[in-house]
$ cat my_file_7.csv   # CSV, C-alpha atoms and all ligand atoms
chain,number,residue,atom,x,y,z
X,1,MET,CA,-22.8,12.7,5.9
X,2,THR,CA,-19.6,11.4,4.4
X,3,ASP,CA,-18.4,12.0,1.0
X,4,ILE,CA,-14.9,10.6,1.0
X,5,SER,CA,-13.9,12.3,-2.3
X,6,ARG,CA,-14.2,15.7,-0.6
X,7,ASP,CA,-11.5,14.8,1.9
X,8,MET,CA,-9.4,12.8,-0.6
X,9,PRO,CA,-10.3,14.2,-4.1
X,10,TRP,CA,-8.1,11.6,-5.9
X,11,LEU,CA,-10.5,8.9,-4.8
X,12,GLN,CA,-13.2,10.7,-6.9
X,13,GLN,CA,-13.3,8.3,-9.8
X,14,ALA,CA,-13.3,5.1,-7.8
X,15,TRP,CA,-15.9,6.6,-5.5
X,16,ASP,CA,-18.1,7.7,-8.4
X,17,ARG,CA,-18.2,4.2,-9.7
X,18,VAL,CA,-19.4,2.9,-6.4
X,19,GLN,CA,-22.1,5.6,-5.9
X,20,ALA,CA,-23.4,5.1,-9.5
X,21,GLY,CA,-23.5,1.3,-9.0
X,22,PHE,CA,-25.2,1.7,-5.7
X,23,ALA,CA,-27.8,4.2,-7.0
X,24,GLU,CA,-28.7,1.9,-9.9
X,25,ASN,CA,-28.5,-1.2,-7.7
X,26,ARG,CA,-25.9,-2.9,-9.9
X,27,LEU,CA,-22.9,-2.9,-7.7
X,28,PRO,CA,-20.8,-6.1,-8.2
X,29,HIS,CA,-20.5,-8.5,-5.3
X,30,ALA,CA,-16.8,-8.3,-5.4
X,31,LEU,CA,-14.5,-5.4,-6.2
X,32,ILE,CA,-10.7,-5.4,-6.5
X,33,VAL,CA,-9.1,-2.1,-5.7
X,34,ASN,CA,-5.6,-1.4,-7.0
X,35,GLY,CA,-3.4,1.3,-5.7
X,36,GLU,CA,0.0,2.2,-4.3
X,37,ARG,CA,0.7,1.7,-0.6
X,38,GLY,CA,-0.6,4.6,1.4
X,39,VAL,CA,-2.9,6.0,-1.3
X,40,GLY,CA,-6.1,5.5,0.7
X,41,LYS,CA,-7.5,2.1,-0.3
X,42,ARG,CA,-8.6,1.3,3.2
X,43,ALA,CA,-10.3,4.7,3.7
X,44,TRP,CA,-12.1,4.2,0.4
X,45,ALA,CA,-13.2,0.6,1.5
X,46,GLU,CA,-14.5,1.9,4.8
X,47,ALA,CA,-16.5,4.7,3.0
X,48,VAL,CA,-18.0,2.0,0.7
X,49,ALA,CA,-19.0,-0.1,3.7
X,50,GLU,CA,-20.7,2.9,5.3
X,51,LEU,CA,-22.7,3.6,2.1
X,52,LEU,CA,-23.7,0.0,1.8
X,53,LEU,CA,-24.8,-0.4,5.4
X,54,CYS,CA,-26.4,3.0,6.1
X,55,ASP,CA,-30.1,2.8,6.8
X,56,SER,CA,-31.0,6.0,5.0
X,57,PRO,CA,-28.4,7.1,2.4
X,58,THR,CA,-29.1,10.7,1.3
X,59,GLY,CA,-28.2,12.6,-1.8
X,60,GLY,CA,-24.8,14.3,-1.5
X,61,ASP,CA,-23.5,17.5,-3.2
X,62,SER,CA,-23.5,15.7,-6.5
X,63,GLY,CA,-26.9,14.2,-6.0
X,64,ARG,CA,-25.3,10.9,-5.6
X,65,PRO,CA,-26.0,8.8,-2.5
X,66,VAL,CA,-23.8,9.2,0.6
X,67,ALA,CA,-24.2,7.6,4.1
X,68,CYS,CA,-26.3,9.7,6.4
X,69,GLY,CA,-23.8,9.7,9.3
X,70,ARG,CA,-26.6,9.6,11.9
X,71,CYS,CA,-28.3,6.2,11.8
X,72,LYS,CA,-27.4,3.3,14.1
X,73,GLN,CA,-25.2,1.7,11.3
X,74,CYS,CA,-23.3,4.9,10.7
X,75,GLU,CA,-22.8,5.3,14.5
X,76,LEU,CA,-21.5,1.7,14.9
X,77,LEU,CA,-19.2,2.2,11.9
X,78,ALA,CA,-17.8,5.5,13.3
X,79,ALA,CA,-17.1,3.7,16.5
X,80,ASP,CA,-15.3,1.0,14.5
X,81,SER,CA,-17.5,-1.7,16.0
X,82,HIS,CA,-20.0,-2.8,13.4
X,83,PRO,CA,-20.5,-6.6,13.5
X,84,ASP,CA,-21.4,-6.7,9.8
X,85,VAL,CA,-18.1,-5.3,8.6
X,86,ARG,CA,-15.0,-7.5,8.8
X,87,VAL,CA,-11.4,-6.8,7.8
X,88,TYR,CA,-9.0,-9.6,7.1
X,89,ALA,CA,-5.4,-8.4,7.0
X,90,PRO,CA,-2.0,-10.2,6.9
X,91,GLU,CA,-0.9,-11.4,10.3
X,92,LYS,CA,2.7,-11.8,11.6
X,93,SER,CA,3.4,-14.3,8.8
X,94,ARG,CA,2.8,-11.3,6.4
X,95,MET,CA,0.2,-13.4,4.6
X,96,VAL,CA,-3.6,-13.7,4.8
X,97,LYS,CA,-4.0,-17.3,5.8
X,98,VAL,CA,-6.6,-19.9,5.0
X,99,ASP,CA,-8.1,-19.8,8.5
X,100,GLN,CA,-8.9,-16.1,7.9
X,101,VAL,CA,-10.6,-16.8,4.6
X,102,ARG,CA,-12.6,-19.6,6.2
X,103,ALA,CA,-13.7,-17.1,8.8
X,104,LEU,CA,-14.6,-14.7,5.9
X,105,SER,CA,-16.7,-17.5,4.2
X,106,ALA,CA,-18.6,-18.2,7.4
X,107,PHE,CA,-19.2,-14.5,7.8
X,108,ALA,CA,-20.4,-14.3,4.2
X,109,VAL,CA,-23.1,-17.0,4.6
X,110,ALA,CA,-24.3,-15.9,8.0
X,111,SER,CA,-27.2,-13.4,8.2
X,112,PRO,CA,-26.3,-9.8,8.9
X,113,GLN,CA,-26.5,-9.1,12.6
X,114,VAL,CA,-27.5,-5.4,12.7
X,115,ALA,CA,-27.6,-4.0,9.2
X,116,HIS,CA,-29.3,-5.3,6.1
X,117,HIS,CA,-26.0,-5.9,4.3
X,118,LYS,CA,-22.4,-7.1,5.1
X,119,VAL,CA,-19.0,-6.0,3.9
X,120,ALA,CA,-15.8,-8.1,4.0
X,121,ILE,CA,-12.6,-6.3,3.3
X,122,ILE,CA,-9.4,-8.2,2.5
X,123,ASP,CA,-6.5,-5.8,3.1
X,124,ARG,CA,-4.3,-7.0,1.2
X,125,ALA,CA,-5.6,-9.5,-1.3
X,126,ASP,CA,-2.1,-9.7,-3.0
X,127,GLN,CA,-0.9,-11.4,0.2
X,128,LEU,CA,-3.2,-14.4,0.2
X,129,ASN,CA,-1.3,-17.6,0.4
X,130,ILE,CA,-2.2,-20.3,-2.1
X,131,ASN,CA,-4.6,-22.2,0.2
X,132,ALA,CA,-6.3,-18.9,1.2
X,133,ALA,CA,-6.7,-17.9,-2.4
X,134,ASN,CA,-8.3,-21.2,-3.3
X,135,ALA,CA,-10.7,-20.9,-0.3
X,136,LEU,CA,-11.6,-17.4,-1.4
X,137,LEU,CA,-12.3,-18.6,-4.9
X,138,LYS,CA,-15.1,-20.8,-3.5
X,139,THR,CA,-16.7,-17.8,-1.9
X,140,LEU,CA,-16.4,-15.8,-5.1
X,141,GLU,CA,-18.0,-18.6,-7.1
X,142,GLU,CA,-21.1,-18.6,-5.0
X,143,PRO,CA,-22.0,-14.9,-4.7
X,144,LEU,CA,-24.6,-14.1,-2.0
X,145,PRO,CA,-26.9,-11.1,-2.3
X,146,ASP,CA,-26.3,-9.6,1.1
X,147,VAL,CA,-22.5,-9.4,1.2
X,148,THR,CA,-19.9,-7.3,-0.7
X,149,LEU,CA,-16.3,-8.3,-0.9
X,150,LEU,CA,-13.7,-5.6,-1.2
X,151,LEU,CA,-10.2,-6.9,-2.1
X,152,LEU,CA,-7.5,-4.3,-1.6
X,153,GLN,CA,-4.3,-4.8,-3.6
X,154,GLU,CA,-1.0,-2.9,-3.8
X,155,SER,CA,0.0,-1.9,-7.3
X,156,GLY,CA,2.4,-4.2,-9.1
X,157,ARG,CA,1.8,-7.2,-6.8
X,158,PRO,CA,0.4,-10.3,-8.4
X,159,LEU,CA,-3.1,-11.6,-7.7
X,160,LEU,CA,-4.3,-14.9,-8.9
X,161,PRO,CA,-5.9,-14.6,-12.4
X,162,THR,CA,-8.7,-16.9,-11.3
X,163,ILE,CA,-9.6,-14.4,-8.6
X,164,ARG,CA,-9.2,-11.4,-10.8
X,165,SER,CA,-11.5,-12.8,-13.4
X,166,ARG,CA,-14.4,-13.0,-10.9
X,167,CYS,CA,-14.2,-9.4,-9.7
X,168,GLN,CA,-14.5,-6.0,-11.2
X,169,ALA,CA,-11.4,-3.9,-10.7
X,170,LEU,CA,-11.0,-0.2,-9.8
X,171,ASN,CA,-7.8,1.9,-9.6
X,172,ILE,CA,-7.0,4.5,-7.1
X,173,PRO,CA,-4.3,6.8,-8.6
X,174,VAL,CA,-1.6,8.7,-6.6
X,175,PRO,CA,-2.8,12.3,-6.3
X,176,PRO,CA,-1.0,15.2,-8.0
X,177,LYS,CA,1.6,16.7,-5.7
X,178,PRO,CA,-0.3,19.9,-4.8
X,179,GLN,CA,-3.3,17.8,-3.8
X,180,ALA,CA,-1.1,15.4,-1.8
X,181,GLU,CA,0.6,18.4,0.0
X,182,ASP,CA,-2.7,20.0,0.8
X,183,TRP,CA,-4.1,16.7,2.3
X,184,LEU,CA,-1.0,16.0,4.3
X,185,ALA,CA,-0.8,19.5,5.9
X,186,ARG,CA,-4.5,19.5,6.7
X,187,THR,CA,-4.5,16.0,8.1
X,188,LEU,CA,-1.4,16.5,10.3
X,189,ALA,CA,-2.9,19.8,11.6
X,190,GLN,CA,-6.2,18.0,12.5
X,191,ARG,CA,-4.3,15.2,14.3
X,192,ASP,CA,-2.3,17.6,16.4
X,193,PRO,CA,-2.8,21.4,16.0
X,194,ASP,CA,0.2,22.1,18.3
X,195,GLN,CA,2.7,20.2,16.3
X,196,VAL,CA,4.3,22.2,13.5
X,197,TYR,CA,6.2,20.4,10.8
X,198,PRO,CA,8.7,22.3,8.6
X,199,GLY,CA,7.7,22.4,4.9
X,200,GLU,CA,10.8,20.5,3.9
X,201,VAL,CA,9.9,17.6,6.2
X,202,LEU,CA,6.5,17.3,4.5
X,203,SER,CA,8.0,17.6,1.0
X,204,LYS,CA,10.6,14.9,1.8
X,205,ALA,CA,8.0,12.6,3.2
X,206,LEU,CA,5.9,13.0,0.1
X,207,MET,CA,8.9,12.4,-2.2
X,208,LEU,CA,9.8,9.2,-0.3
X,209,ALA,CA,6.2,8.1,-0.3
X,210,GLY,CA,5.9,8.7,-4.1
X,211,ASN,CA,3.1,11.2,-3.2
X,212,ALA,CA,1.0,8.6,-1.5
X,213,PRO,CA,-0.4,10.9,1.2
X,214,ARG,CA,-1.3,8.4,3.9
X,215,LEU,CA,2.1,6.8,3.7
X,216,ALA,CA,3.7,10.3,3.9
X,217,ALA,CA,1.7,11.0,7.0
X,218,GLU,CA,2.9,7.8,8.5
X,219,TYR,CA,6.5,8.7,7.7
X,220,VAL,CA,6.2,12.2,9.2
X,221,SER,CA,4.7,11.0,12.5
X,222,GLY,CA,6.9,7.9,13.0
X,223,ASP,CA,10.6,7.4,12.9
X,224,PHE,CA,10.9,6.4,9.3
X,225,LEU,CA,12.5,9.6,8.0
X,226,ASP,CA,15.4,9.3,10.5
X,227,LEU,CA,15.9,5.6,9.9
X,228,ARG,CA,15.8,6.1,6.2
X,229,ASP,CA,18.4,8.9,6.3
X,230,ALA,CA,20.7,6.7,8.4
X,231,ALA,CA,20.2,3.8,6.0
X,232,PHE,CA,20.8,6.0,2.9
X,233,GLU,CA,24.0,7.4,4.4
X,234,ALA,CA,25.3,3.9,5.3
X,235,PHE,CA,24.4,2.7,1.8
X,236,ARG,CA,26.3,5.6,0.2
X,237,GLN,CA,29.4,5.1,2.4
X,238,TYR,CA,29.4,1.4,1.6
X,239,MET,CA,29.1,2.1,-2.1
X,240,LYS,CA,32.1,4.4,-1.9
X,241,GLY,CA,34.1,1.7,-0.1
X,242,ARG,CA,34.1,3.6,3.2
X,243,GLY,CA,32.1,1.1,5.3
X,244,THR,CA,31.5,-2.6,5.5
X,245,VAL,CA,28.5,-4.4,4.2
X,246,ALA,CA,27.7,-5.5,7.8
X,247,GLU,CA,27.5,-1.9,8.9
X,248,ALA,CA,25.3,-0.9,6.0
X,249,ALA,CA,23.0,-4.0,6.5
X,250,LYS,CA,22.6,-3.0,10.2
X,251,ALA,CA,21.2,0.3,9.2
X,252,PHE,CA,18.6,-1.4,7.0
X,253,LYS,CA,17.8,-3.9,9.6
X,254,ALA,CA,16.7,-1.1,11.9
X,255,LEU,CA,14.0,-0.3,9.3
X,256,GLY,CA,12.5,-3.8,9.4
X,257,LEU,CA,12.4,-6.0,6.3
X,258,ASP,CA,9.4,-4.4,4.6
X,259,ASP,CA,10.6,-0.9,4.8
X,260,ALA,CA,14.2,-1.9,4.0
X,261,LEU,CA,13.0,-3.7,0.8
X,262,PHE,CA,10.7,-0.9,-0.1
X,263,LEU,CA,13.6,1.6,0.0
X,264,LEU,CA,16.0,-0.7,-1.9
X,265,GLU,CA,13.2,-1.4,-4.4
X,266,GLY,CA,12.6,2.4,-4.9
X,267,TRP,CA,16.3,3.0,-5.7
X,268,ALA,CA,16.4,0.1,-8.1
X,269,ALA,CA,13.3,1.4,-9.9
X,270,ASP,CA,14.9,4.8,-9.9
X,271,LEU,CA,18.1,3.3,-11.4
X,272,ALA,CA,16.0,1.8,-14.2
X,273,ARG,CA,14.3,5.2,-14.8
X,274,VAL,CA,17.7,7.0,-14.9
X,275,ALA,CA,19.2,4.4,-17.2
X,276,ALA,CA,16.2,5.0,-19.6
X,277,GLY,CA,16.9,8.8,-19.5
X,278,GLY,CA,14.3,9.7,-16.9
X,279,GLN,CA,14.4,11.4,-13.5
X,280,PRO,CA,14.6,9.4,-10.2
X,281,SER,CA,11.8,9.9,-7.7
X,282,ASP,CA,14.3,10.1,-4.8
X,283,SER,CA,16.2,13.2,-5.8
X,284,GLU,CA,18.7,12.7,-3.0
X,285,ALA,CA,19.9,9.5,-4.7
X,286,ALA,CA,20.2,11.2,-8.1
X,287,ASP,CA,24.0,11.6,-8.2
X,288,MET,CA,24.8,8.1,-7.1
X,289,LEU,CA,22.2,6.6,-9.5
X,290,SER,CA,23.4,8.6,-12.6
X,291,PHE,CA,26.9,7.5,-11.8
X,292,LEU,CA,25.8,3.8,-11.6
X,293,ALA,CA,23.7,4.2,-14.8
X,294,ARG,CA,26.7,5.5,-16.7
X,295,HIS,CA,28.8,2.5,-15.7
X,296,ASN,CA,26.4,-0.4,-16.1
X,297,PRO,CA,24.1,-1.9,-18.7
X,298,ALA,CA,20.5,-1.0,-18.2
X,299,TRP,CA,19.4,-4.6,-17.4
X,300,LYS,CA,21.4,-4.4,-14.2
X,301,ALA,CA,18.5,-2.4,-12.6
X,302,HIS,CA,16.1,-5.2,-13.5
X,303,GLU,CA,18.4,-7.8,-12.0
X,304,LEU,CA,18.4,-5.8,-8.7
X,305,LEU,CA,14.6,-5.6,-8.8
X,306,ASP,CA,14.5,-9.4,-9.3
X,307,ASN,CA,16.8,-9.8,-6.3
X,308,ILE,CA,14.4,-7.6,-4.2
X,309,ARG,CA,11.4,-9.6,-5.3
X,310,GLU,CA,13.1,-12.8,-4.1
X,311,SER,CA,13.8,-11.2,-0.7
X,312,ARG,CA,10.2,-10.2,-0.5
X,313,ALA,CA,9.0,-13.7,-1.3
X,314,ALA,CA,11.4,-15.0,1.4
X,315,GLY,CA,10.0,-12.4,3.8
X,316,VAL,CA,6.8,-14.5,3.9
X,317,TYR,CA,8.8,-17.2,5.6
X,318,ASN,CA,10.3,-14.8,8.2
X,319,ALA,CA,13.5,-14.1,6.4
X,320,ASN,CA,16.3,-12.4,8.4
X,321,PRO,CA,16.3,-8.7,7.4
X,322,GLU,CA,20.0,-8.3,7.9
X,323,LEU,CA,20.8,-11.2,5.6
X,324,GLU,CA,18.4,-10.1,2.9
X,325,ALA,CA,19.8,-6.5,3.0
X,326,THR,CA,23.3,-7.9,2.8
X,327,ARG,CA,22.5,-10.0,-0.3
X,328,ILE,CA,21.0,-6.9,-2.0
X,329,LEU,CA,23.7,-4.5,-0.9
X,330,LEU,CA,26.4,-6.9,-2.3
X,331,ALA,CA,24.5,-6.8,-5.7
X,332,TRP,CA,24.5,-3.0,-5.6
X,333,ARG,CA,28.2,-2.9,-4.7
X,334,SER,CA,29.1,-5.2,-7.6
X,335,MET,CA,27.9,-2.4,-9.9
X,336,MET,CA,30.6,0.0,-8.8
X,337,PRO,CA,33.3,0.2,-11.5
X,338,GLY,CA,36.6,-1.4,-10.5
X,339,LYS,CA,35.0,-3.0,-7.4
X,340,ARG,CA,33.5,-6.0,-9.1
X,341,ALA,CA,35.8,-8.5,-7.6
X,342,SER,CA,34.5,-7.7,-4.1
J,1,ZN,ZN,-26.6,6.1,8.1
$ encode --input "my_file_7.csv" --output "structure tokens" --more "lines below"
Ligand SMILES: [Zn+2]
Amino acid sequence: MTDISRDMPWLQQAWDRVQAGFAENRLPHALIVNGERGVGKRAWAEAVAELLLCDSPTGGDSGRPVACGRCKQCELLAADSHPDVRVYAPEKSRMVKVDQVRALSAFAVASPQVAHHKVAIIDRADQLNINAANALLKTLEEPLPDVTLLLLQESGRPLLPTIRSRCQALNIPVPPKPQAEDWLARTLAQRDPDQVYPGEVLSKALMLAGNAPRLAAEYVSGDFLDLRDAAFEAFRQYMKGRGTVAEAAKAFKALGLDDALFLLEGWAADLARVAAGGQPSDSEAADMLSFLARHNPAWKAHELLDNIRESRAAGVYNANPELEATRILLAWRSMMPGKRAS
């Protein structure tokens, strides 16, 4: 028996909507799920697939239906090998391509193989290229009774209005900090009971992940925290005129383009917050950002954000992470008073 909102209480509202729609047999054929990176969109989608495919959903704690966890469908899903659930995610190009959406369309019209229903998940619908989006539109225009499409989208990223208008949308919020801390500690302990992480490592991972718990878990168990600290230090030294842009760009290159842009975007968004009198989410960057905010007009932060969006768009075409980091670092450096000429 699986009730996802027990493990991840911040999914409650989005989960309630699905349970209620399912109980009353009026679940839409396509749902868009918005949420920050690492907040649990994929886990939510997998729970929805389980509920829709289960042979004998039962009443959970709330009396609302949950998957039984014991039938053949639930077993196949638990083993991650159910032929009636497909996930389409960006490949190396960082985009979901038209071939993948064609495969999805073929899957949508075929009969279910084992279950009575099918679920297609696009993880991430905001990364559909234009041909793929048009192909998806055709599938959305001719809804089929035995397939549900779940389109997962990162907050703040654009999705074609033509697609949006054909789907119902749900939001998954970032949990409050205590909830995120609780989930993170519990999940890491389940994964490896012998590994003990100091509290400050968990706090820092959550701070850098904007309290998105799954992203924080990824940060703690991978090398992101070390690479981020090295990049932040190189960035600070460069801003103070103590290092070259090439040295700083190298530290960002080590993170890879996506994470490098994610960091630089976070600081630019923090700069906009500080300029508007708010608090930065990355407290370690607070001093540098308040200094920059005092010496620059507020629109500069938005110019930086535009720069980063351009790099992200270029990333689709395999942009060079070092070059993109260099371009953005130069824009940051031009904001240091007295250093504008360089
Ligand atoms: Zn079941």
$ residues_around --input "my_file_7.csv" --residues "stretch 198-210 of chain X" --least-positions-apart "2" --cutoff "8 Å" --atoms "only C-alpha atoms" --output "ChimeraX atom specification"
/X:38,174,180-181,184-185,196,212-213,215-217,219-220,225,281-282
$ residues_near_ligand --input "my_file_7.csv" --ligand "ligand ZN 1 (chain J)" --cutoff "6 Å" --atoms "all atoms listed in the file" --output "tab-separated table (two decimals) with C-alpha atoms, keeping the file's coordinate frame"
chain	number	residue	atom	x	y	z
X	54	CYS	CA	-26.40	3.00	6.10
X	55	ASP	CA	-30.10	2.80	6.80
X	56	SER	CA	-31.00	6.00	5.00
X	67	ALA	CA	-24.20	7.60	4.10
X	68	CYS	CA	-26.30	9.70	6.40
X	69	GLY	CA	-23.80	9.70	9.30
X	70	ARG	CA	-26.60	9.60	11.90
X	71	CYS	CA	-28.30	6.20	11.80
X	73	GLN	CA	-25.20	1.70	11.30
X	74	CYS	CA	-23.30	4.90	10.70
$ closest_atom_pairs --input "my_file_7.csv" --of "stretch 107-225 of chain X" --to "stretch 14-20 of chain X" --cutoff "7 Å" --atoms "all atoms listed in the file" --output "JSON lines"
{"residue": "X:Leu170", "atom": "CA", "partner": "X:Ala14", "partner_atom": "CA", "distance": 6.1}
{"residue": "X:Asn171", "atom": "CA", "partner": "X:Ala14", "partner_atom": "CA", "distance": 6.6}
{"residue": "X:Ile172", "atom": "CA", "partner": "X:Ala14", "partner_atom": "CA", "distance": 6.4}
$ write_last_selection --input "my_file_7.csv" --atoms "C-alpha atoms" --output "mmCIF file, keeping the file's coordinate frame"
data_model
loop_
_atom_site.group_PDB
_atom_site.id
_atom_site.type_symbol
_atom_site.label_atom_id
_atom_site.label_comp_id
_atom_site.auth_asym_id
_atom_site.auth_seq_id
_atom_site.Cartn_x
_atom_site.Cartn_y
_atom_site.Cartn_z
ATOM 1 C CA LEU X 170 -11.000 -0.200 -9.800
ATOM 2 C CA ASN X 171 -7.800 1.900 -9.600
ATOM 3 C CA ILE X 172 -7.000 4.500 -7.100
#
$ atom_distance --input "my_file_7.csv" --atom1 "atom CA of X:Gln195" --atom2 "atom CA of X:Arg228"
21.7 Å
$ residues_around --input "my_file_7.csv" --residues "X:Glu265" --least-positions-apart "2" --cutoff "10 Å" --atoms "all atoms listed in the file" --output "MDAnalysis selection string"
chainID X and resid 259:263 267:271 301 304:309 328
$ write_last_selection --input "my_file_7.csv" --atoms "C-alpha atoms" --output "short mmCIF file (atom, residue, chain, number, x, y, z; two decimals), keeping the file's coordinate frame"
data_model
loop_
_atom_site.label_atom_id
_atom_site.label_comp_id
_atom_site.auth_asym_id
_atom_site.auth_seq_id
_atom_site.Cartn_x
_atom_site.Cartn_y
_atom_site.Cartn_z
CA ASP X 259 10.60 -0.90 4.80
CA ALA X 260 14.20 -1.90 4.00
CA LEU X 261 13.00 -3.70 0.80
CA PHE X 262 10.70 -0.90 -0.10
CA LEU X 263 13.60 1.60 0.00
CA TRP X 267 16.30 3.00 -5.70
CA ALA X 268 16.40 0.10 -8.10
CA ALA X 269 13.30 1.40 -9.90
CA ASP X 270 14.90 4.80 -9.90
CA LEU X 271 18.10 3.30 -11.40
CA ALA X 301 18.50 -2.40 -12.60
CA LEU X 304 18.40 -5.80 -8.70
CA LEU X 305 14.60 -5.60 -8.80
CA ASP X 306 14.50 -9.40 -9.30
CA ASN X 307 16.80 -9.80 -6.30
CA ILE X 308 14.40 -7.60 -4.20
CA ARG X 309 11.40 -9.60 -5.30
CA ILE X 328 21.00 -6.90 -2.00
#
$ closest_residue --input "my_file_7.csv" --among "X:Glu218, X:Glu154, X:Glu75, X:Glu303" --to "X:Glu36" --atoms "all atoms listed in the file"
X:Glu154
$ residues_around --input "my_file_7.csv" --residues "stretch 81-96 of chain X" --least-positions-apart "6" --cutoff "6 Å" --atoms "all atoms listed in the file" --output "PyMOL selection string"
chain X and resi 112+118-123+127-128+316
$ write_last_selection --input "my_file_7.csv" --atoms "C-alpha atoms" --output "PDB file, keeping the file's coordinate frame"
ATOM      1  CA  PRO X 112     -26.300  -9.800   8.900  1.00  0.00           C
ATOM      2  CA  LYS X 118     -22.400  -7.100   5.100  1.00  0.00           C
ATOM      3  CA  VAL X 119     -19.000  -6.000   3.900  1.00  0.00           C
ATOM      4  CA  ALA X 120     -15.800  -8.100   4.000  1.00  0.00           C
ATOM      5  CA  ILE X 121     -12.600  -6.300   3.300  1.00  0.00           C
ATOM      6  CA  ILE X 122      -9.400  -8.200   2.500  1.00  0.00           C
ATOM      7  CA  ASP X 123      -6.500  -5.800   3.100  1.00  0.00           C
ATOM      8  CA  GLN X 127      -0.900 -11.400   0.200  1.00  0.00           C
ATOM      9  CA  LEU X 128      -3.200 -14.400   0.200  1.00  0.00           C
ATOM     10  CA  VAL X 316       6.800 -14.500   3.900  1.00  0.00           C
TER      11      VAL X 316
END
$ decode --input "my_file_7.csv" --residues "stretch 20-41 of chain X" --atoms "C-alpha atoms" --output "CSV table (one decimal), in the first residue's frame"
chain,number,residue,atom,x,y,z
X,20,ALA,CA,-10.2,12.5,-5.7
X,21,GLY,CA,-10.3,12.5,-9.5
X,22,PHE,CA,-9.5,8.8,-9.6
X,23,ALA,CA,-12.3,8.0,-7.0
X,24,GLU,CA,-14.8,10.0,-9.0
X,25,ASN,CA,-13.6,8.7,-12.3
X,26,ARG,CA,-12.9,12.2,-13.7
X,27,LEU,CA,-9.2,12.3,-13.9
X,28,PRO,CA,-8.0,14.3,-16.9
X,29,HIS,CA,-6.2,12.5,-19.7
X,30,ALA,CA,-3.2,14.9,-19.4
X,31,LEU,CA,-1.8,16.6,-16.3
X,32,ILE,CA,1.0,19.1,-16.1
X,33,VAL,CA,3.0,19.1,-12.9
X,34,ASN,CA,5.0,22.2,-12.0
X,35,GLY,CA,7.7,22.2,-9.4
X,36,GLU,CA,11.2,23.1,-8.6
X,37,ARG,CA,14.0,20.8,-9.5
X,38,GLY,CA,14.4,18.0,-7.0
X,39,VAL,CA,11.0,18.5,-5.2
X,40,GLY,CA,9.6,15.1,-6.1
X,41,LYS,CA,7.8,15.4,-9.3
